[in-house]
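Read through the structure below, which is laid out as structure tokens, and then see the notes.
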Amino acid sequence: MKVHEKIRFMRQSKGWSQEEMADKLNLSVNGYANIERGETDVQVSRLEKIAETFGMDLLELFLVKRMFFIWLVIIII
């Protein structure tokens with residue numbers, strides 16, 4: 001899973017719209033949508049802000065899908 005897909009996954013798991021996320025990041029909706037579609041290069045500082053918005057650090061953002069899967073397996077067991 002690519003970073004932009006992880007960002008979309010996290011936003012949706014929080015129940016936030018693209019408009020809400022754009023507002024939290026002080027971006028236009030189109031600018032944020034471009035990030036989610038992978039149509040723009042995202043600077044590390046922006047990725048850090050996105051991770052912070054989700055209440056995690058940058059490393060956790062890169063590992064988000066893997067952590068979700070592990071957490072799900074633990075709950076099932």
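Residues in the structure tokens are numbered from 1 in each chain, the chains being A, B, ... in the order shown, and ligands are numbered from 1 in the order shown.
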
Legend entry - Residue contacts of segment 33-45 of chain A (10 Å, only C-alpha atoms) excluding same-chain residues fewer than 3 positions away, as a ChimeraX atom specification: /A:2-9,11,18-19,21-22,27-30,48-51,58

Inset, instruction - Write out as a PyMOL selection string all residues of chain A that backbone DSSP assigns to alpha helix (DSSP H). - result: chain A and resi 3-14+18-24+29-36+44-53+58-62+64-76

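Across the model, the gap from atom CA of Asp23 of chain A to atom CA of Leu59 of chain A is 23.2 Å.
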
Inset, instruction - Quick one: pull the distance between atom CA of Glu20 of chain A and atom CA of Arg46 of chain A, Å, one decimal. - result: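 Going from atom CA of Glu20 of chain A over to atom CA of Arg46 of chain A, I get 16.2 Å.
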
Inset, instruction - Quote the spacing between atom CA of Met1 of chain A and atom CA of Asn26 of chain A in Å to one decimal place. - result: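 It comes out at 25.5 Å.
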
Inset, instruction - Name the closest residue to Ser17 of chain A among the candidates A:Glu52, A:Tyr32, A:Leu63, A:Leu47; distances are taken between atoms, counting only C-alpha atoms. - result: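 Answer, going by the shortest atom-to-atom distance: A:Tyr32.
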